[in-house]
Every structure is written in structure tokens, then in C-alpha cells.
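Everything below concerns the one structure shown next.
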Amino acid sequence: MSELIEFPTVEVFERRPQRFRVEDFDSLEPGAALERVKGLWPRSGLCFVGGPSMSGKSFWTLDALARICRGEPVLGRRSVQAGCLYIAAEGAAGVRKRIKALRAKTGPLGGAFQFIGQAPNLRDADDLAELRDVIEQSKAELQAAGHDLGIVCLDTLSASIPGADENSAADMSPVLHALQGLAAELDLLVLVIAHTGKDETRGLRGWSGLLANADGVIMLEAPDGETRTGSVLKVKDGLSGDRFAFVLERVVLGLDEDGDEISTCIIHETDAPEARRPGRRPSKAGGTGDLILSAFGRVLEDKPRPVKAPGAPPGQSGVSVHDLRQTAFLIGVGGPPPDAPSDASEDERGRLERKWSDQRRKDFQRGLAHLLEDKTLRQEGDLIWLVKSKARATP
């Protein structure tokens with residue numbers, strides 16, 4: 001009787017679909033520019049609406065999302081109609097009242113606007129997995145009702161990252177990647193409402209990588225009387241600098257058990273300060289100035305330099321022009337590098353690169369001149385310091 005030979009077991013693994021695709025330089029073409037709101041928010045990506053407390057950022061965002069559910073313009077820009085999912089991670093009871101008041105203004109949205117009143121923990125893998133499942137479920141429900149889920153709004157970032165050090169790249173980078181991953185995997189815009197820090201001129205609170213990696217940033221400012229104002233700080237591959245304003249109108253929803261009024265607010269758009277004549281674009285120098293002020297706040301914290309100049313207060317700190325310029329370039333002054341035609345020669349590519357480099361230096365100088373002219377900043381030699389706080393620079 002022959003001896004039975006045992007062969008080693010060979011494990012068969014199912015081959016994963018290939019995620020990476022190699023393309024050739026000579027035939028590479030730009031992809032379709034798909035936008036949720038033209039010139040403001042992409043179809044898929046990560047954007048922020050920031051501002052200090054009482055600036056009206058959630059009121060404004062709710063109104064903007066309701067507009068998108070109806071396919072109406074946002075800040076005068078055409079939107080592509082889509083449904084949204086709003087996650088009230090902070091102050092859910094107040095958001096419920098705001099939505100009820102907004103519904104009275106807009107009318108029903110036909111199931112295009114969904115709501116979650118519990119806070120996710122973006123630092124917890126299980127919570128992230130469950131959140132992704134819930135978003136997919138919402139997407140399926142909206143599709144069944146004839147809507148495409150286009151936006152998931154998270155209100156607010158800080159309430160969704162318990163225990164995190166918001167200034168730490170180690171804590172915040174995984175959160176950023178998780179939000180970007182949700183946007184890419186589910187093909188939607190993740191819109192995050194965030195706070196500013198104690199120094200509002202530094203913009204979004206915490207790690208600078210949030211602003212650097214965002215596809216769009218809108219910043220609202222501390223209220224000046226009844227008027228709330230804001231600006232479009234960053235539009236990836238687009239123009240920023242637009243200013244807008246609104247007031248909050250009180251709405252009575254009913255009476256509580258004690259007979260006291262239950263009230264909230266809705267927004268009413270109004271003219272922005274320093275409004276320009278109809279048909280003219282917002283000042284590019286003004287928009288660049290806002291970016292420069294944001295860069296100034298970051299450099300001042302990381303690389304402060306003592307100012308010893310005539311008229312400077314004792315103990316005044318400033319920043320070097322070089323550091324300010326480099327940080328301003330990093331967060332968007334001058335726009336992205338140019339895309340050369342696929343058949344461009346090396347000399348042509350070099351020419352385009354030099355032209356772009358020269359132009360962004362000119363943009364920086366014009367924005368800086370704008371701030372020096374209105375005495376927001378002062379410069380002596382290589383040093384620049386803040387003379388007066390400027391609300392429009394909150395971002």
C-alpha cells in the first residue's frame with residue numbers, strides 16, 4: 001500500500017480591485033470640474049464655515065443648505081440641487097428650533113433635508129464606521145425619495161473630537177483624513193462648522209493643517225450691532241474675497257408650559273459693509289489682505305519678533321516680511337501653480353512657472369499695501385506688526 005502524500009495547503013486570496021491608475025504625462029487631461037456651488041464649494045471635498053460665538057454661523061449654514069435643497073443660489077452663485085444630512089453635534093435642541101423656523105420660511109423640502117441630533121466621535125474607529133453606515137443609509141433613503149445626498153454638515157468640529165488637542169497635528173491629522181475619506185468614498189461634500197480661537201485673526205481654531213488642506217473656507221465675524229458679516233476666505237482653484245452680510249430676525253415658535261415664548265431666529269440678507277457698485281467684482285486686494293492677516297496671526301504665534309521702532313508700543317511683537325510672505329503663499333495667496341499644456345516645451349513650462357511666481361509676489365504686495373494703507377498693519381524695514389484689529393480679517 002503506497003504512502004499518502006500530503007501537499008502543503010495553499011491559501012487563495014481574492015485579488016483586490018486596483019485602486020491606483022497610472023496615466024501618461026503626454027496625454028493627461030484635467031478632470032471635470034464638478035461643483036456643488038459654482039465657485040464656492042466642490043461636489044466632493046472638505047470645506048469649513050468658521051467664526052466666533054454669536055457670529056451666526058449655524059444660522060447662515062442652515063439657510064445655505066436649504067437653498068441647495070431647492071437648487072437656489074448661495075451667495076449669488078449657482079448651486080446644483082442636492083439633499084443634505086445635518087449632524088447637530090452641539091446644541092441639538094437649539095438647532096431643532098432653528099430648523100422649524102427655517103421651515104416656516106422656506107416651506108417643506110420634500111424629504112431632501114435629514115437631521116441627526118447626536119454627536120459622533122471622529123477619533124473613535126467604531127463611531128466612524130457607524131457614521132459611515134448611517135450616511136450610506138441616508139443616501140439610499142434620499143435616492144428612494146428622488147434626491148441625491150450631496151452634503152453632510154457637521155456642527156461643530158470641536159463637539160465631535162472629545163479629548164483632542166485641537167492644536168496638535170498628531171490629534172487632528174487623523175480627523176482631517178477621516179473627513180476627507182468620507183467625502184471621497186461617498187462622493188459628497190463634508191461641510192464642517194468650526195470655531196475660531198481666542199485670537200480671531202488666526203481664523204479656524206487649532207491646527208493650521210485644517211485651513212491648508214480645506215477645499216473652501218468661509219469665515220464669519222463677531223457681530224457689529226445687529227449685522228453679521230462674513231467673507232469667502234478660500235476657494236480651491238478659484239477666487240476668494242467676497243463679502244456678505246445678514247441680520248437675524250427673531251421668530252416666535254409658540255409658548256412653553258409657563259406661557260413664555262419659545263423663539264429662535266432666521267437670517268435676512270443685507271448689504272455687506274463697503275459694498276461695491278452692482279456688477280463689479282469684490283476687491284482682489286481686499287480678499288488677499290484677509291489671507292495675509294490670517295497668515296500674520298499664524299506667523300506671530302510661531303515666529304514672533306520684537307519690534308523696536310518709533311511709535312511702536314513697549315513689548316510690541318511682529319513678524320518678518322519673509323515669513324509672512326511664505327505663509328501667505330502656503331495658505332493660498334497667488335493661487336495654485338499653473339497647468340501647462342501637455343505639449344508645452346520645457347522652456348514654455350519654465351516661462352509659465354516664472355510668470356506665476358512673479359504674479360503671486362505682486363498679489364502679496366498689493367494685499368499688503370491694502371492693509372498698510374488702511375493702517376491695519378505697519379511696516380518698518382523687514383518687520384510688520386498689527387496696528388488695529390480688523391473684523392474682516394477673521395480668517
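A note on labels: chains of the C-alpha cells are A, B, ... as shown, every chain counts residues from 1, and ligands are counted from 1 in their shown order.
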- Message: Which residues are close to range 83-98 of chain A, i.e. within 9 Å by only C-alpha atoms, leaving aside same-chain residues fewer than 2 positions away? Reply as a PyMOL selection string.
- Response: chain A and resi 58-59+62+65-66+68-70+81+100-103+111-120+135+138-139+142+147-160+253+262-266
Residues of range 302-322 of chain A at most 10 Å from range 358-378 of chain A: nearest atom pair and distance in Å, only C-alpha atoms, as JSON lines:
{"residue": "A:Ala312", "atom": "CA", "partner": "A:Arg378", "partner_atom": "CA", "distance": 9.4}
{"residue": "A:Gly318", "atom": "CA", "partner": "A:Arg378", "partner_atom": "CA", "distance": 9.4}
{"residue": "A:Val321", "atom": "CA", "partner": "A:Leu368", "partner_atom": "CA", "distance": 9.9}
Take the residues just selected and output them with N, CA, C and O atoms as a short mmCIF file (atom, residue, chain, number, x, y, z; two decimals), in the first residue's frame.
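Below is the file again_35.cif, written as the result:
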data_model
loop_
_atom_site.label_atom_id
_atom_site.label_comp_id
_atom_site.auth_asym_id
_atom_site.auth_seq_id
_atom_site.Cartn_x
_atom_site.Cartn_y
_atom_site.Cartn_z
N ALA A 312 6.15 102.44 18.14
CA ALA A 312 5.66 101.10 18.49
C ALA A 312 5.52 100.99 20.00
O ALA A 312 6.40 101.43 20.74
N GLY A 318 6.07 91.51 16.27
CA GLY A 318 5.67 91.48 14.88
C GLY A 318 6.23 90.26 14.19
O GLY A 318 6.65 89.30 14.85
N VAL A 321 8.83 90.08 7.06
CA VAL A 321 8.15 90.09 5.77
C VAL A 321 8.31 88.73 5.08
O VAL A 321 7.38 88.20 4.48
#
- Note on the structure: Min atom-atom distance to Lys308 in chain A from the set A:Gly381, A:Ala214, A:Gly107, A:Ala82, counting only C-alpha atoms, belongs to A:Gly381
- Message: Quick one: residues within 10 Å of Gly206 in chain A, only C-alpha atoms, excluding same-chain residues fewer than 3 positions away - as number ranges by chain?
- Response: A: 158, 165-169, 172, 194-197, 202-203, 209-211
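Of the listed residues (A:Glu261, A:Asp290, A:Asp323, A:Glu249), A:Asp323 comes nearest to Arg305 in chain A; the distances count only C-alpha atoms.
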- Residue contacts of Val247 in chain A (7 Å, only C-alpha atoms) excluding same-chain residues fewer than 5 positions away, as a ChimeraX atom specification: /A:226-228,267-270
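CA of Leu28 in chain A sits 26.8 Å away from CA of Leu182 in chain A.
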- Could you pull out the strand (DSSP E) residues of range 6-130 of chain A from DSSP and send them as a PyMOL selection string? chain A and resi 35-37+41-42+45-51+83-88+113-116
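Taking only C-alpha atoms, the non-local environment of Glu72 in chain A within 12 Å (same-chain residues fewer than 4 positions away omitted) comprises Arg36, Val37, Lys38, Asp63, Ala64, Leu65, Ala66, Arg67, Ile68, Gly76, Arg77, Arg78, Ser79, Val80, Gln81, Ala82 and Thr106 of chain A.
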Keeping only N, CA, C and O atoms, write the selected residues as a JSON list (two decimals), in the first residue's frame.
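Below is the file out.json, written as the result:
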[["chain", "number", "residue", "atom", "x", "y", "z"],
["A", 36, "ARG", "N", -20.65, 71.75, -6.26],
["A", 36, "ARG", "CA", -21.96, 71.79, -5.64],
["A", 36, "ARG", "C", -22.51, 73.21, -5.70],
["A", 36, "ARG", "O", -23.69, 73.41, -5.97],
["A", 37, "VAL", "N", -21.65, 74.20, -5.39],
["A", 37, "VAL", "CA", -21.99, 75.61, -5.58],
["A", 37, "VAL", "C", -20.86, 76.21, -6.39],
["A", 37, "VAL", "O", -19.70, 76.19, -5.98],
["A", 38, "LYS", "N", -21.19, 76.73, -7.56],
["A", 38, "LYS", "CA", -20.17, 77.17, -8.51],
["A", 38, "LYS", "C", -19.28, 78.25, -7.91],
["A", 38, "LYS", "O", -19.74, 79.26, -7.42],
["A", 63, "ASP", "N", -29.46, 78.06, 6.38],
["A", 63, "ASP", "CA", -30.12, 78.75, 5.28],
["A", 63, "ASP", "C", -29.50, 78.36, 3.94],
["A", 63, "ASP", "O", -30.20, 78.11, 2.96],
["A", 64, "ALA", "N", -28.15, 78.29, 3.89],
["A", 64, "ALA", "CA", -27.46, 77.93, 2.65],
["A", 64, "ALA", "C", -27.81, 76.50, 2.24],
["A", 64, "ALA", "O", -28.03, 76.23, 1.04],
["A", 65, "LEU", "N", -27.90, 75.58, 3.19],
["A", 65, "LEU", "CA", -28.22, 74.19, 2.86],
["A", 65, "LEU", "C", -29.65, 74.06, 2.35],
["A", 65, "LEU", "O", -29.91, 73.29, 1.41],
["A", 66, "ALA", "N", -30.56, 74.81, 2.95],
["A", 66, "ALA", "CA", -31.95, 74.78, 2.47],
["A", 66, "ALA", "C", -32.02, 75.31, 1.03],
["A", 66, "ALA", "O", -32.81, 74.81, 0.22],
["A", 67, "ARG", "N", -31.20, 76.29, 0.71],
["A", 67, "ARG", "CA", -31.15, 76.81, -0.66],
["A", 67, "ARG", "C", -30.69, 75.71, -1.63],
["A", 67, "ARG", "O", -31.22, 75.57, -2.73],
["A", 68, "ILE", "N", -29.67, 74.96, -1.22],
["A", 68, "ILE", "CA", -29.15, 73.91, -2.09],
["A", 68, "ILE", "C", -30.20, 72.81, -2.26],
["A", 68, "ILE", "O", -30.34, 72.24, -3.35],
["A", 76, "GLY", "N", -25.10, 84.31, -4.32],
["A", 76, "GLY", "CA", -25.15, 84.71, -5.71],
["A", 76, "GLY", "C", -24.56, 83.72, -6.69],
["A", 76, "GLY", "O", -24.47, 84.00, -7.88],
["A", 77, "ARG", "N", -24.14, 82.55, -6.19],
["A", 77, "ARG", "CA", -23.53, 81.53, -7.04],
["A", 77, "ARG", "C", -24.53, 80.40, -7.29],
["A", 77, "ARG", "O", -25.21, 79.96, -6.37],
["A", 78, "ARG", "N", -24.53, 79.89, -8.50],
["A", 78, "ARG", "CA", -25.46, 78.83, -8.87],
["A", 78, "ARG", "C", -25.13, 77.54, -8.12],
["A", 78, "ARG", "O", -23.98, 77.14, -8.00],
["A", 79, "SER", "N", -26.17, 76.90, -7.58],
["A", 79, "SER", "CA", -25.98, 75.62, -6.89],
["A", 79, "SER", "C", -26.57, 74.49, -7.72],
["A", 79, "SER", "O", -27.48, 74.70, -8.53],
["A", 80, "VAL", "N", -26.03, 73.30, -7.51],
["A", 80, "VAL", "CA", -26.58, 72.09, -8.11],
["A", 80, "VAL", "C", -27.42, 71.41, -7.03],
["A", 80, "VAL", "O", -26.91, 71.02, -5.98],
["A", 81, "GLN", "N", -28.71, 71.29, -7.28],
["A", 81, "GLN", "CA", -29.65, 70.81, -6.28],
["A", 81, "GLN", "C", -29.25, 69.46, -5.72],
["A", 81, "GLN", "O", -28.83, 68.56, -6.45],
["A", 82, "ALA", "N", -29.35, 69.32, -4.40],
["A", 82, "ALA", "CA", -29.00, 68.06, -3.75],
["A", 82, "ALA", "C", -29.61, 68.03, -2.36],
["A", 82, "ALA", "O", -29.98, 69.06, -1.80],
["A", 106, "THR", "N", -39.20, 78.64, 4.36],
["A", 106, "THR", "CA", -38.95, 78.03, 3.05],
["A", 106, "THR", "C", -40.09, 77.15, 2.58],
["A", 106, "THR", "O", -40.24, 76.91, 1.38]]
- Excluding Val232 in chain A and residues on its chain fewer than 3 positions from it, collect all residues at most 12 Å away from it, counting only C-alpha atoms, and give them as number ranges by chain. A: 39-41, 47-51, 74-75, 215-221, 229, 235-236, 238-245, 282, 284, 286-288, 290-291, 392-395
Same residues, N, CA and C atoms, saved as a tab-separated table (two decimals), in the first residue's frame:
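Produced file selection-v8.tsv, reproduced below:
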chain	number	residue	atom	x	y	z
A	39	GLY	N	-17.97	78.00	-7.97
A	39	GLY	CA	-17.01	78.97	-7.46
A	39	GLY	C	-16.99	79.09	-5.96
A	40	LEU	N	-17.57	78.11	-5.25
A	40	LEU	CA	-17.60	78.18	-3.79
A	40	LEU	C	-17.29	76.84	-3.15
A	41	TRP	N	-18.11	75.82	-3.45
A	41	TRP	CA	-17.95	74.51	-2.85
A	41	TRP	C	-17.92	73.43	-3.93
A	47	CYS	N	-14.93	71.29	3.29
A	47	CYS	CA	-14.98	72.74	3.42
A	47	CYS	C	-15.38	73.12	4.84
A	48	PHE	N	-15.07	74.36	5.22
A	48	PHE	CA	-15.36	74.84	6.57
A	48	PHE	C	-16.16	76.14	6.53
A	49	VAL	N	-17.04	76.30	7.51
A	49	VAL	CA	-17.66	77.58	7.82
A	49	VAL	C	-17.24	77.89	9.26
A	50	GLY	N	-16.43	78.92	9.44
A	50	GLY	CA	-15.90	79.23	10.76
A	50	GLY	C	-16.35	80.57	11.27
A	51	GLY	N	-16.14	80.78	12.55
A	51	GLY	CA	-16.47	82.07	13.13
A	51	GLY	C	-16.55	81.98	14.64
A	74	VAL	N	-26.41	80.34	-3.75
A	74	VAL	CA	-25.82	80.64	-2.45
A	74	VAL	C	-24.78	81.73	-2.67
A	75	LEU	N	-24.93	82.84	-1.98
A	75	LEU	CA	-24.04	84.00	-2.16
A	75	LEU	C	-23.96	84.40	-3.63
A	215	ASP	N	-10.84	72.55	1.05
A	215	ASP	CA	-11.20	72.91	-0.32
A	215	ASP	C	-11.93	74.25	-0.37
A	216	GLY	N	-12.38	74.72	0.75
A	216	GLY	CA	-13.06	76.01	0.81
A	216	GLY	C	-13.26	76.43	2.25
A	217	VAL	N	-13.15	77.73	2.51
A	217	VAL	CA	-13.35	78.26	3.86
A	217	VAL	C	-14.15	79.55	3.78
A	218	ILE	N	-15.23	79.62	4.54
A	218	ILE	CA	-16.00	80.84	4.73
A	218	ILE	C	-15.86	81.23	6.20
A	219	MET	N	-15.52	82.49	6.45
A	219	MET	CA	-15.36	82.95	7.82
A	219	MET	C	-16.38	84.02	8.14
A	220	LEU	N	-17.08	83.84	9.26
A	220	LEU	CA	-17.97	84.87	9.77
A	220	LEU	C	-17.27	85.61	10.91
A	221	GLU	N	-17.73	86.82	11.15
A	221	GLU	CA	-17.05	87.70	12.10
A	221	GLU	C	-17.91	87.96	13.31
A	229	THR	N	-21.43	89.75	9.53
A	229	THR	CA	-20.73	89.81	8.25
A	229	THR	C	-19.79	88.62	8.11
A	235	VAL	N	-11.21	79.53	-1.78
A	235	VAL	CA	-11.88	78.69	-2.76
A	235	VAL	C	-10.78	77.97	-3.52
A	236	LYS	N	-10.71	76.68	-3.41
A	236	LYS	CA	-9.63	75.94	-4.07
A	236	LYS	C	-9.73	76.11	-5.57
A	238	GLY	N	-9.90	78.78	-7.18
A	238	GLY	CA	-10.86	79.82	-7.54
A	238	GLY	C	-10.55	81.12	-6.83
A	239	LEU	N	-11.44	82.11	-7.02
A	239	LEU	CA	-11.26	83.44	-6.44
A	239	LEU	C	-11.95	83.53	-5.10
A	240	SER	N	-11.30	84.20	-4.16
A	240	SER	CA	-11.89	84.46	-2.85
A	240	SER	C	-12.04	85.96	-2.68
A	241	GLY	N	-12.50	86.37	-1.51
A	241	GLY	CA	-12.57	87.80	-1.20
A	241	GLY	C	-13.97	88.37	-1.12
A	242	ASP	N	-15.00	87.63	-1.55
A	242	ASP	CA	-16.36	88.14	-1.49
A	242	ASP	C	-16.75	88.46	-0.05
A	243	ARG	N	-17.54	89.52	0.11
A	243	ARG	CA	-18.07	89.90	1.42
A	243	ARG	C	-19.58	89.73	1.39
A	244	PHE	N	-20.16	89.35	2.51
A	244	PHE	CA	-21.61	89.25	2.61
A	244	PHE	C	-22.04	89.61	4.02
A	245	ALA	N	-23.33	89.89	4.19
A	245	ALA	CA	-23.85	90.30	5.50
A	245	ALA	C	-25.29	89.85	5.64
A	282	PRO	N	-15.70	91.84	-6.15
A	282	PRO	CA	-15.09	92.29	-4.91
A	282	PRO	C	-13.60	92.57	-5.12
A	284	LYS	N	-9.90	92.33	-5.19
A	284	LYS	CA	-8.96	91.23	-5.05
A	284	LYS	C	-7.95	91.54	-3.96
A	286	GLY	N	-8.49	93.29	-1.30
A	286	GLY	CA	-9.14	93.09	-0.01
A	286	GLY	C	-9.18	91.63	0.37
A	287	GLY	N	-9.51	90.76	-0.59
A	287	GLY	CA	-9.53	89.33	-0.31
A	287	GLY	C	-8.15	88.79	0.02
A	288	THR	N	-7.14	89.27	-0.73
A	288	THR	CA	-5.77	88.86	-0.45
A	288	THR	C	-5.34	89.37	0.93
A	290	ASP	N	-7.21	89.68	3.54
A	290	ASP	CA	-7.75	88.78	4.55
A	290	ASP	C	-6.86	87.55	4.73
A	291	LEU	N	-6.39	86.99	3.61
A	291	LEU	CA	-5.48	85.84	3.70
A	291	LEU	C	-4.17	86.23	4.38
A	392	ARG	N	-12.90	92.08	9.36
A	392	ARG	CA	-12.98	91.35	8.11
A	392	ARG	C	-11.85	90.37	7.94
A	393	ALA	N	-10.88	90.42	8.85
A	393	ALA	CA	-9.75	89.54	8.71
A	393	ALA	C	-9.84	88.28	9.52
A	394	THR	N	-11.00	87.90	9.97
A	394	THR	CA	-11.13	86.71	10.76
A	394	THR	C	-11.00	85.52	9.94
A	395	PRO	N	-10.19	84.97	9.40
A	395	PRO	CA	-9.91	84.17	8.51
A	395	PRO	C	-9.50	84.40	8.05
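Of the residues under consideration (A:Pro341, A:Ala309, A:Gly259, A:Asp382), A:Pro341 shows the shortest atom-to-atom contact distance to Glu29 in chain A when counting only C-alpha atoms.
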- Message: Just to confirm, what's the straight-line distance from CA of Ser27 in chain A to CA of Ser345 in chain A in Å (one decimal)?
- Response: 14.4 Å
- Item | Distance of CA of Arg19 in chain A from CA of Glu185 in chain A, expressed in Å to one decimal place | 12.1 Å
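The closest residue to Gly315 in chain A, picked from A:Trp385, A:Glu380, A:Ala164, A:Lys105 and counting only C-alpha atoms, is A:Trp385.
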